[in-house]
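Next comes entry_29.cif, a file with mmCIF, N, CA and C atoms.
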```cif
data_my_file
loop_
_atom_site.label_atom_id
_atom_site.label_comp_id
_atom_site.auth_asym_id
_atom_site.auth_seq_id
_atom_site.Cartn_x
_atom_site.Cartn_y
_atom_site.Cartn_z
N MET A 1 11.59 -3.94 -4.00
CA MET A 1 10.56 -4.15 -3.01
C MET A 1 9.28 -4.51 -3.77
N GLU A 2 8.66 -5.60 -3.33
CA GLU A 2 7.39 -6.04 -3.91
C GLU A 2 6.36 -6.20 -2.78
N ARG A 3 5.23 -5.52 -2.93
CA ARG A 3 4.17 -5.61 -1.93
C ARG A 3 3.01 -6.42 -2.50
N TYR A 4 2.54 -7.39 -1.71
CA TYR A 4 1.45 -8.26 -2.13
C TYR A 4 0.27 -8.07 -1.18
N THR A 5 -0.91 -7.86 -1.76
CA THR A 5 -2.12 -7.68 -0.96
C THR A 5 -2.56 -9.02 -0.38
N ARG A 6 -3.50 -8.97 0.53
CA ARG A 6 -4.04 -10.19 1.14
C ARG A 6 -4.61 -11.12 0.07
N ALA A 7 -5.34 -10.57 -0.88
CA ALA A 7 -5.94 -11.39 -1.94
C ALA A 7 -4.85 -12.07 -2.77
N GLU A 8 -3.78 -11.35 -3.10
CA GLU A 8 -2.68 -11.93 -3.88
C GLU A 8 -1.98 -13.03 -3.08
N VAL A 9 -1.78 -12.79 -1.80
CA VAL A 9 -1.12 -13.78 -0.94
C VAL A 9 -1.97 -15.04 -0.85
N LYS A 10 -3.27 -14.88 -0.65
CA LYS A 10 -4.15 -16.03 -0.50
C LYS A 10 -4.25 -16.86 -1.78
N SER A 11 -4.10 -16.21 -2.94
CA SER A 11 -4.26 -16.93 -4.20
C SER A 11 -2.96 -17.54 -4.73
N ASP A 12 -1.83 -17.19 -4.14
CA ASP A 12 -0.54 -17.71 -4.60
C ASP A 12 -0.06 -18.80 -3.62
N GLU A 13 0.27 -19.96 -4.15
CA GLU A 13 0.63 -21.10 -3.30
C GLU A 13 1.85 -20.82 -2.42
N VAL A 14 2.89 -20.23 -2.98
CA VAL A 14 4.12 -19.97 -2.22
C VAL A 14 3.90 -18.86 -1.19
N LEU A 15 3.26 -17.77 -1.61
CA LEU A 15 2.98 -16.68 -0.67
C LEU A 15 2.04 -17.13 0.44
N ASN A 16 1.10 -18.02 0.11
CA ASN A 16 0.20 -18.53 1.13
C ASN A 16 0.96 -19.38 2.16
N MET A 17 1.96 -20.12 1.70
CA MET A 17 2.81 -20.87 2.64
C MET A 17 3.58 -19.91 3.54
N LEU A 18 4.07 -18.79 2.98
CA LEU A 18 4.75 -17.77 3.77
C LEU A 18 3.78 -17.19 4.80
N LEU A 19 2.55 -16.92 4.38
CA LEU A 19 1.53 -16.41 5.30
C LEU A 19 1.31 -17.37 6.47
N GLN A 20 1.17 -18.65 6.18
CA GLN A 20 0.96 -19.64 7.24
C GLN A 20 2.15 -19.69 8.19
N PHE A 21 3.36 -19.58 7.63
CA PHE A 21 4.56 -19.56 8.46
C PHE A 21 4.57 -18.33 9.37
N ILE A 22 4.26 -17.16 8.80
CA ILE A 22 4.21 -15.92 9.59
C ILE A 22 3.20 -16.07 10.72
N LEU A 23 2.00 -16.56 10.40
CA LEU A 23 0.97 -16.70 11.43
C LEU A 23 1.38 -17.69 12.52
N SER A 24 2.15 -18.70 12.16
CA SER A 24 2.59 -19.67 13.18
C SER A 24 3.61 -19.06 14.14
N LYS A 25 4.33 -18.03 13.71
CA LYS A 25 5.35 -17.39 14.54
C LYS A 25 4.90 -16.07 15.16
N HIS A 26 3.81 -15.52 14.65
CA HIS A 26 3.36 -14.19 15.06
C HIS A 26 2.99 -14.15 16.54
N ILE A 27 3.43 -13.10 17.21
CA ILE A 27 3.06 -12.83 18.60
C ILE A 27 2.51 -11.40 18.62
N THR A 28 1.35 -11.22 19.21
CA THR A 28 0.76 -9.88 19.28
C THR A 28 1.67 -8.99 20.12
N PRO A 29 2.12 -7.86 19.57
CA PRO A 29 3.01 -6.96 20.32
C PRO A 29 2.33 -6.43 21.58
N MET A 30 3.10 -6.25 22.63
CA MET A 30 2.55 -5.80 23.91
C MET A 30 1.90 -4.43 23.81
N HIS A 31 2.44 -3.53 22.99
CA HIS A 31 1.81 -2.22 22.87
C HIS A 31 0.44 -2.34 22.20
N THR A 32 0.26 -3.31 21.31
CA THR A 32 -1.04 -3.55 20.70
C THR A 32 -2.02 -4.09 21.73
N VAL A 33 -1.57 -5.03 22.54
CA VAL A 33 -2.40 -5.57 23.62
C VAL A 33 -2.86 -4.45 24.54
N LYS A 34 -1.92 -3.60 24.95
CA LYS A 34 -2.26 -2.50 25.85
C LYS A 34 -3.26 -1.55 25.21
N ASN A 35 -2.99 -1.14 23.96
CA ASN A 35 -3.90 -0.21 23.27
C ASN A 35 -5.29 -0.80 23.14
N LEU A 36 -5.38 -2.06 22.73
CA LEU A 36 -6.68 -2.68 22.55
C LEU A 36 -7.41 -2.89 23.88
N MET A 37 -6.68 -3.22 24.91
CA MET A 37 -7.31 -3.39 26.22
C MET A 37 -7.87 -2.06 26.73
N ASP A 38 -7.12 -0.98 26.50
CA ASP A 38 -7.60 0.34 26.93
C ASP A 38 -8.85 0.76 26.17
N LEU A 39 -9.00 0.27 24.94
CA LEU A 39 -10.13 0.67 24.08
C LEU A 39 -11.14 -0.45 23.85
N ARG A 40 -11.10 -1.50 24.64
CA ARG A 40 -11.98 -2.65 24.39
C ARG A 40 -13.46 -2.33 24.52
N HIS A 41 -13.80 -1.22 25.15
CA HIS A 41 -15.20 -0.80 25.24
C HIS A 41 -15.74 -0.28 23.91
N VAL A 42 -14.85 0.00 22.95
CA VAL A 42 -15.26 0.50 21.64
C VAL A 42 -15.58 -0.71 20.75
N PRO A 43 -16.79 -0.77 20.20
CA PRO A 43 -17.14 -1.93 19.36
C PRO A 43 -16.23 -2.05 18.13
N ASP A 44 -15.79 -3.26 17.85
CA ASP A 44 -14.98 -3.58 16.66
C ASP A 44 -13.70 -2.76 16.57
N ILE A 45 -13.11 -2.41 17.69
CA ILE A 45 -11.86 -1.65 17.67
C ILE A 45 -10.75 -2.52 17.07
N CYS A 46 -9.89 -1.89 16.28
CA CYS A 46 -8.85 -2.61 15.56
C CYS A 46 -7.58 -1.77 15.56
N GLU A 47 -6.43 -2.41 15.61
CA GLU A 47 -5.16 -1.71 15.47
C GLU A 47 -4.42 -2.28 14.28
N GLU A 48 -3.91 -1.39 13.43
CA GLU A 48 -3.12 -1.80 12.27
C GLU A 48 -1.65 -1.55 12.58
N THR A 49 -0.81 -2.54 12.28
CA THR A 49 0.60 -2.49 12.64
C THR A 49 1.43 -3.11 11.51
N VAL A 50 2.71 -2.75 11.48
CA VAL A 50 3.66 -3.36 10.55
C VAL A 50 4.71 -4.10 11.37
N MET A 51 5.01 -5.31 10.94
CA MET A 51 6.05 -6.12 11.60
C MET A 51 7.13 -6.41 10.56
N PHE A 52 8.39 -6.27 10.94
CA PHE A 52 9.52 -6.57 10.07
C PHE A 52 10.15 -7.87 10.53
N ALA A 53 10.65 -8.66 9.56
CA ALA A 53 11.22 -9.96 9.90
C ALA A 53 12.28 -10.36 8.88
N GLU A 54 13.17 -11.23 9.33
CA GLU A 54 14.20 -11.80 8.47
C GLU A 54 14.04 -13.30 8.46
N LEU A 55 13.86 -13.86 7.26
CA LEU A 55 13.82 -15.31 7.12
C LEU A 55 15.26 -15.77 6.96
N PRO A 56 15.75 -16.64 7.83
CA PRO A 56 17.16 -17.01 7.77
C PRO A 56 17.51 -17.77 6.50
N ALA A 57 18.78 -17.68 6.13
CA ALA A 57 19.28 -18.42 4.97
C ALA A 57 19.16 -19.93 5.23
N ASP A 58 18.97 -20.69 4.15
CA ASP A 58 18.91 -22.15 4.26
C ASP A 58 19.45 -22.76 2.98
N GLU A 59 19.22 -24.06 2.79
CA GLU A 59 19.74 -24.73 1.60
C GLU A 59 19.13 -24.18 0.31
N VAL A 60 17.86 -23.83 0.36
CA VAL A 60 17.16 -23.32 -0.83
C VAL A 60 17.51 -21.86 -1.09
N HIS A 61 17.59 -21.06 -0.03
CA HIS A 61 17.90 -19.62 -0.14
C HIS A 61 19.21 -19.35 0.60
N PRO A 62 20.32 -19.22 -0.13
CA PRO A 62 21.61 -19.03 0.53
C PRO A 62 21.74 -17.67 1.23
N GLU A 63 20.85 -16.73 0.89
CA GLU A 63 20.84 -15.42 1.54
C GLU A 63 19.56 -15.27 2.35
N PRO A 64 19.59 -14.50 3.44
CA PRO A 64 18.34 -14.26 4.18
C PRO A 64 17.32 -13.54 3.30
N VAL A 65 16.04 -13.72 3.62
CA VAL A 65 14.97 -13.03 2.92
C VAL A 65 14.37 -12.03 3.91
N TYR A 66 14.27 -10.78 3.48
CA TYR A 66 13.77 -9.72 4.35
C TYR A 66 12.34 -9.38 3.96
N ILE A 67 11.47 -9.36 4.97
CA ILE A 67 10.05 -9.10 4.71
C ILE A 67 9.49 -8.15 5.76
N SER A 68 8.33 -7.60 5.45
CA SER A 68 7.50 -6.95 6.45
C SER A 68 6.07 -7.37 6.14
N TYR A 69 5.24 -7.30 7.14
CA TYR A 69 3.83 -7.59 6.90
C TYR A 69 2.97 -6.64 7.70
N GLU A 70 1.92 -6.20 7.04
CA GLU A 70 0.94 -5.32 7.66
C GLU A 70 -0.16 -6.20 8.21
N PHE A 71 -0.58 -5.94 9.43
CA PHE A 71 -1.63 -6.77 10.00
C PHE A 71 -2.58 -5.95 10.86
N SER A 72 -3.77 -6.48 11.01
CA SER A 72 -4.82 -5.87 11.82
C SER A 72 -5.12 -6.82 12.97
N THR A 73 -5.30 -6.23 14.15
CA THR A 73 -5.59 -7.03 15.34
C THR A 73 -6.81 -6.45 16.05
N TRP A 74 -7.67 -7.33 16.50
CA TRP A 74 -8.87 -6.96 17.25
C TRP A 74 -8.77 -7.53 18.65
N VAL A 75 -9.61 -7.05 19.54
CA VAL A 75 -9.74 -7.64 20.87
C VAL A 75 -11.06 -8.39 20.90
N ASP A 76 -11.02 -9.64 21.38
CA ASP A 76 -12.22 -10.47 21.42
C ASP A 76 -12.45 -10.94 22.84
N THR A 77 -13.50 -10.41 23.44
CA THR A 77 -13.89 -10.84 24.79
C THR A 77 -15.25 -11.52 24.77
N THR A 78 -15.79 -11.74 23.57
CA THR A 78 -17.16 -12.26 23.48
C THR A 78 -17.27 -13.74 23.79
N SER A 79 -16.29 -14.53 23.39
CA SER A 79 -16.41 -15.98 23.56
C SER A 79 -16.32 -16.40 25.02
N ASP A 80 -15.40 -15.84 25.77
CA ASP A 80 -15.25 -16.16 27.19
C ASP A 80 -14.68 -14.93 27.88
N PRO A 81 -15.46 -14.27 28.74
CA PRO A 81 -14.99 -13.04 29.39
C PRO A 81 -13.71 -13.22 30.21
N ASN A 82 -13.42 -14.45 30.62
CA ASN A 82 -12.21 -14.71 31.40
C ASN A 82 -10.99 -14.97 30.53
N GLN A 83 -11.22 -15.12 29.23
CA GLN A 83 -10.12 -15.38 28.31
C GLN A 83 -10.21 -14.39 27.15
N ILE A 84 -9.28 -13.47 27.11
CA ILE A 84 -9.27 -12.44 26.07
C ILE A 84 -8.36 -12.91 24.94
N LYS A 85 -8.86 -12.79 23.70
CA LYS A 85 -8.09 -13.19 22.53
C LYS A 85 -7.85 -11.98 21.65
N PHE A 86 -6.81 -12.09 20.82
CA PHE A 86 -6.46 -11.01 19.90
C PHE A 86 -6.35 -11.58 18.49
N PRO A 87 -7.50 -11.76 17.80
CA PRO A 87 -7.47 -12.27 16.43
C PRO A 87 -6.68 -11.33 15.53
N THR A 88 -5.91 -11.91 14.61
CA THR A 88 -5.03 -11.14 13.74
C THR A 88 -5.26 -11.55 12.29
N ARG A 89 -5.24 -10.54 11.40
CA ARG A 89 -5.35 -10.79 9.96
C ARG A 89 -4.17 -10.08 9.27
N VAL A 90 -3.42 -10.82 8.47
CA VAL A 90 -2.35 -10.23 7.68
C VAL A 90 -2.99 -9.59 6.45
N ASP A 91 -2.75 -8.29 6.27
CA ASP A 91 -3.36 -7.54 5.18
C ASP A 91 -2.46 -7.42 3.95
N ALA A 92 -1.14 -7.49 4.15
CA ALA A 92 -0.20 -7.39 3.03
C ALA A 92 1.17 -7.90 3.48
N ILE A 93 1.94 -8.39 2.52
CA ILE A 93 3.31 -8.83 2.78
C ILE A 93 4.21 -8.11 1.77
N THR A 94 5.33 -7.58 2.26
CA THR A 94 6.31 -6.93 1.40
C THR A 94 7.61 -7.71 1.44
N LEU A 95 8.15 -8.01 0.28
CA LEU A 95 9.45 -8.68 0.16
C LEU A 95 10.46 -7.64 -0.30
N TYR A 96 11.62 -7.60 0.34
CA TYR A 96 12.66 -6.63 0.02
C TYR A 96 13.77 -7.29 -0.78
N GLU A 97 14.36 -6.52 -1.68
CA GLU A 97 15.44 -7.02 -2.54
C GLU A 97 16.69 -7.39 -1.74
N HIS A 98 17.00 -6.58 -0.73
CA HIS A 98 18.23 -6.78 0.05
C HIS A 98 18.10 -6.08 1.40
N PHE A 99 19.09 -6.28 2.24
CA PHE A 99 19.07 -5.76 3.60
C PHE A 99 18.98 -4.23 3.63
N VAL A 100 19.69 -3.55 2.77
CA VAL A 100 19.70 -2.08 2.80
C VAL A 100 18.30 -1.53 2.55
N GLU A 101 17.60 -2.08 1.57
CA GLU A 101 16.23 -1.65 1.28
C GLU A 101 15.31 -1.92 2.48
N TYR A 102 15.45 -3.10 3.06
CA TYR A 102 14.67 -3.49 4.23
C TYR A 102 14.94 -2.55 5.41
N GLU A 103 16.19 -2.35 5.71
CA GLU A 103 16.58 -1.54 6.87
C GLU A 103 16.20 -0.07 6.67
N THR A 104 16.35 0.44 5.46
CA THR A 104 15.97 1.82 5.17
C THR A 104 14.48 2.01 5.41
N THR A 105 13.68 1.08 4.96
CA THR A 105 12.23 1.15 5.15
C THR A 105 11.88 1.05 6.63
N ARG A 106 12.51 0.12 7.33
CA ARG A 106 12.23 -0.08 8.75
C ARG A 106 12.57 1.18 9.55
N VAL A 107 13.73 1.77 9.29
CA VAL A 107 14.15 2.97 10.02
C VAL A 107 13.25 4.16 9.67
N LYS A 108 12.85 4.26 8.41
CA LYS A 108 11.95 5.34 7.99
C LYS A 108 10.62 5.22 8.73
N GLN A 109 10.09 4.00 8.84
CA GLN A 109 8.83 3.79 9.57
C GLN A 109 9.00 4.15 11.04
N LEU A 110 10.14 3.80 11.60
CA LEU A 110 10.41 4.12 13.00
C LEU A 110 10.45 5.62 13.21
N SER A 111 11.12 6.34 12.31
CA SER A 111 11.24 7.79 12.47
C SER A 111 9.92 8.50 12.18
N ASN A 112 9.00 7.87 11.45
CA ASN A 112 7.69 8.46 11.17
C ASN A 112 6.68 8.18 12.26
N ALA A 113 7.03 7.36 13.25
CA ALA A 113 6.08 7.01 14.31
C ALA A 113 5.72 8.25 15.12
N SER A 114 4.47 8.33 15.53
CA SER A 114 4.04 9.46 16.35
C SER A 114 4.71 9.38 17.71
N ARG A 115 4.66 10.48 18.44
CA ARG A 115 5.28 10.53 19.76
C ARG A 115 4.74 9.43 20.67
N GLU A 116 3.43 9.16 20.57
CA GLU A 116 2.80 8.13 21.41
C GLU A 116 3.33 6.74 21.06
N ASP A 117 3.64 6.53 19.78
CA ASP A 117 4.08 5.22 19.31
C ASP A 117 5.60 5.10 19.23
N SER A 118 6.32 6.16 19.56
CA SER A 118 7.77 6.16 19.32
C SER A 118 8.51 5.14 20.18
N ASN A 119 7.96 4.74 21.30
CA ASN A 119 8.62 3.72 22.11
C ASN A 119 8.51 2.34 21.49
N SER A 120 7.47 2.14 20.70
CA SER A 120 7.29 0.82 20.12
C SER A 120 7.84 0.76 18.70
N GLY A 121 7.54 1.76 17.90
CA GLY A 121 8.02 1.78 16.52
C GLY A 121 7.62 0.52 15.78
N PRO A 122 8.22 0.28 14.62
CA PRO A 122 7.90 -0.96 13.91
C PRO A 122 8.54 -2.14 14.65
N ASP A 123 7.78 -3.19 14.77
CA ASP A 123 8.25 -4.36 15.48
C ASP A 123 9.10 -5.23 14.56
N VAL A 124 9.99 -6.01 15.19
CA VAL A 124 10.81 -6.97 14.45
C VAL A 124 10.51 -8.34 15.04
N LEU A 125 10.06 -9.25 14.18
CA LEU A 125 9.70 -10.60 14.60
C LEU A 125 10.86 -11.53 14.34
N ASN A 126 11.20 -12.37 15.30
CA ASN A 126 12.25 -13.36 15.12
C ASN A 126 11.63 -14.62 14.53
N LEU A 127 12.00 -14.94 13.30
CA LEU A 127 11.43 -16.11 12.62
C LEU A 127 12.36 -17.31 12.67
N ASN A 128 13.40 -17.26 13.46
CA ASN A 128 14.31 -18.40 13.56
C ASN A 128 13.69 -19.53 14.32
#
```
Would you give me this structure, written as structure tokens?
Amino acid sequence: MERYTRAEVKSDEVLNMLLQFILSKHITPMHTVKNLMDLRHVPDICEETVMFAELPADEVHPEPVYISYEFSTWVDTTSDPNQIKFPTRVDAITLYEHFVEYETTRVKQLSNASREDSNSGPDVLNLN
């Protein structure tokens, strides 16, 4: 397992391409939307979340690549009160050696979730 900070991702050409791909596929989880909407009266409120994903095998990578990424999401109602946005920043990306390492980490995060968060747990993003 290798974890890369935002600064490392931004400075590395390949990791930056992965970041752009993640952002193109990222969807704000509904539990994050709900939490932020309930707390939108709090200035600069932010939610930090981890998303797990599998990059499918292709010609270059004959095996799937397993990743997770930590991200922060805010609620933005300042630009247009009728249109609420959820800006997102990826704070770190983790690459896993193999499926067992990925799945062990994902399940551990799920079992560590608080009672309030246990229905959502760590999210899994479909990157296909």
Selected by the PyMOL selection byres (((chain A and resi 10-18 and name CA) around 12) and name CA) in the shown coordinates: which residues, as number ranges by chain?
-> A: 2-9, 19-26, 53, 55, 65, 67-69, 89-95, 127
Could you state the separation of atom N of Phe71 in chain A and CA of Met51 in chain A in Å, given to one decimal place?
-> 7.0 Å
Run the PyMOL selection byres (((chain A and resi 96-106 and name CA) around 6) and name CA) mentally over the shown coordinates, then write out the matched residues as number ranges by chain, using the chain letters and numbers from the document.
-> A: 1, 66-67, 95, 107-109
Got a sec to resolve the PyMOL selection byres ((chain A and resi 35-46) around 8) on this structure and send the residues as a list in words?
->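 Evaluating the PyMOL selection byres ((chain A and resi 35-46) around 8) on this file yields Pro29, Met30, His31, Thr32, Val33, Lys34, Glu47, Glu48, Thr49, Ser72, Thr73, Trp74, Val75, Asp76 and Thr77 of chain A.
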Those of range 4-51 of chain A in DSSP helix (DSSP H, G or I), formatted as an mmCIF file with N, CA and C atoms, keeping the file's coordinate frame:
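Saved result, states_25.cif, follows:
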```
data_model
loop_
_atom_site.group_PDB
_atom_site.id
_atom_site.type_symbol
_atom_site.label_atom_id
_atom_site.label_comp_id
_atom_site.auth_asym_id
_atom_site.auth_seq_id
_atom_site.Cartn_x
_atom_site.Cartn_y
_atom_site.Cartn_z
ATOM 1 N N ARG A 6 -3.500 -8.970 0.530
ATOM 2 C CA ARG A 6 -4.040 -10.190 1.140
ATOM 3 C C ARG A 6 -4.610 -11.120 0.070
ATOM 4 N N ALA A 7 -5.340 -10.570 -0.880
ATOM 5 C CA ALA A 7 -5.940 -11.390 -1.940
ATOM 6 C C ALA A 7 -4.850 -12.070 -2.770
ATOM 7 N N GLU A 8 -3.780 -11.350 -3.100
ATOM 8 C CA GLU A 8 -2.680 -11.930 -3.880
ATOM 9 C C GLU A 8 -1.980 -13.030 -3.080
ATOM 10 N N VAL A 9 -1.780 -12.790 -1.800
ATOM 11 C CA VAL A 9 -1.120 -13.780 -0.940
ATOM 12 C C VAL A 9 -1.970 -15.040 -0.850
ATOM 13 N N LYS A 10 -3.270 -14.880 -0.650
ATOM 14 C CA LYS A 10 -4.150 -16.030 -0.500
ATOM 15 C C LYS A 10 -4.250 -16.860 -1.780
ATOM 16 N N SER A 11 -4.100 -16.210 -2.940
ATOM 17 C CA SER A 11 -4.260 -16.930 -4.200
ATOM 18 C C SER A 11 -2.960 -17.540 -4.730
ATOM 19 N N GLU A 13 0.270 -19.960 -4.150
ATOM 20 C CA GLU A 13 0.630 -21.100 -3.300
ATOM 21 C C GLU A 13 1.850 -20.820 -2.420
ATOM 22 N N VAL A 14 2.890 -20.230 -2.980
ATOM 23 C CA VAL A 14 4.120 -19.970 -2.220
ATOM 24 C C VAL A 14 3.900 -18.860 -1.190
ATOM 25 N N LEU A 15 3.260 -17.770 -1.610
ATOM 26 C CA LEU A 15 2.980 -16.680 -0.670
ATOM 27 C C LEU A 15 2.040 -17.130 0.440
ATOM 28 N N ASN A 16 1.100 -18.020 0.110
ATOM 29 C CA ASN A 16 0.200 -18.530 1.130
ATOM 30 C C ASN A 16 0.960 -19.380 2.160
ATOM 31 N N MET A 17 1.960 -20.120 1.700
ATOM 32 C CA MET A 17 2.810 -20.870 2.640
ATOM 33 C C MET A 17 3.580 -19.910 3.540
ATOM 34 N N LEU A 18 4.070 -18.790 2.980
ATOM 35 C CA LEU A 18 4.750 -17.770 3.770
ATOM 36 C C LEU A 18 3.780 -17.190 4.800
ATOM 37 N N LEU A 19 2.550 -16.920 4.380
ATOM 38 C CA LEU A 19 1.530 -16.410 5.300
ATOM 39 C C LEU A 19 1.310 -17.370 6.470
ATOM 40 N N GLN A 20 1.170 -18.650 6.180
ATOM 41 C CA GLN A 20 0.960 -19.640 7.240
ATOM 42 C C GLN A 20 2.150 -19.690 8.190
ATOM 43 N N PHE A 21 3.360 -19.580 7.630
ATOM 44 C CA PHE A 21 4.560 -19.560 8.460
ATOM 45 C C PHE A 21 4.570 -18.330 9.370
ATOM 46 N N ILE A 22 4.260 -17.160 8.800
ATOM 47 C CA ILE A 22 4.210 -15.920 9.590
ATOM 48 C C ILE A 22 3.200 -16.070 10.720
ATOM 49 N N LEU A 23 2.000 -16.560 10.400
ATOM 50 C CA LEU A 23 0.970 -16.700 11.430
ATOM 51 C C LEU A 23 1.380 -17.690 12.520
ATOM 52 N N SER A 24 2.150 -18.700 12.160
ATOM 53 C CA SER A 24 2.590 -19.670 13.180
ATOM 54 C C SER A 24 3.610 -19.060 14.140
ATOM 55 N N LYS A 25 4.330 -18.030 13.710
ATOM 56 C CA LYS A 25 5.350 -17.390 14.540
ATOM 57 C C LYS A 25 4.900 -16.070 15.160
ATOM 58 N N MET A 30 3.100 -6.250 22.630
ATOM 59 C CA MET A 30 2.550 -5.800 23.910
ATOM 60 C C MET A 30 1.900 -4.430 23.810
ATOM 61 N N HIS A 31 2.440 -3.530 22.990
ATOM 62 C CA HIS A 31 1.810 -2.220 22.870
ATOM 63 C C HIS A 31 0.440 -2.340 22.200
ATOM 64 N N THR A 32 0.260 -3.310 21.310
ATOM 65 C CA THR A 32 -1.040 -3.550 20.700
ATOM 66 C C THR A 32 -2.020 -4.090 21.730
ATOM 67 N N VAL A 33 -1.570 -5.030 22.540
ATOM 68 C CA VAL A 33 -2.400 -5.570 23.620
ATOM 69 C C VAL A 33 -2.860 -4.450 24.540
ATOM 70 N N LYS A 34 -1.920 -3.600 24.950
ATOM 71 C CA LYS A 34 -2.260 -2.500 25.850
ATOM 72 C C LYS A 34 -3.260 -1.550 25.210
ATOM 73 N N ASN A 35 -2.990 -1.140 23.960
ATOM 74 C CA ASN A 35 -3.900 -0.210 23.270
ATOM 75 C C ASN A 35 -5.290 -0.800 23.140
ATOM 76 N N LEU A 36 -5.380 -2.060 22.730
ATOM 77 C CA LEU A 36 -6.680 -2.680 22.550
ATOM 78 C C LEU A 36 -7.410 -2.890 23.880
ATOM 79 N N MET A 37 -6.680 -3.220 24.910
ATOM 80 C CA MET A 37 -7.310 -3.390 26.220
ATOM 81 C C MET A 37 -7.870 -2.060 26.730
ATOM 82 N N ASP A 38 -7.120 -0.980 26.500
ATOM 83 C CA ASP A 38 -7.600 0.340 26.930
ATOM 84 C C ASP A 38 -8.850 0.760 26.170
#
```
Please, what distance in Å, to one decimal, runs between CA of Ala57 in chain A and atom N of Glu70 in chain A?
->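 That distance, rounded to one decimal, is 21.3 Å.
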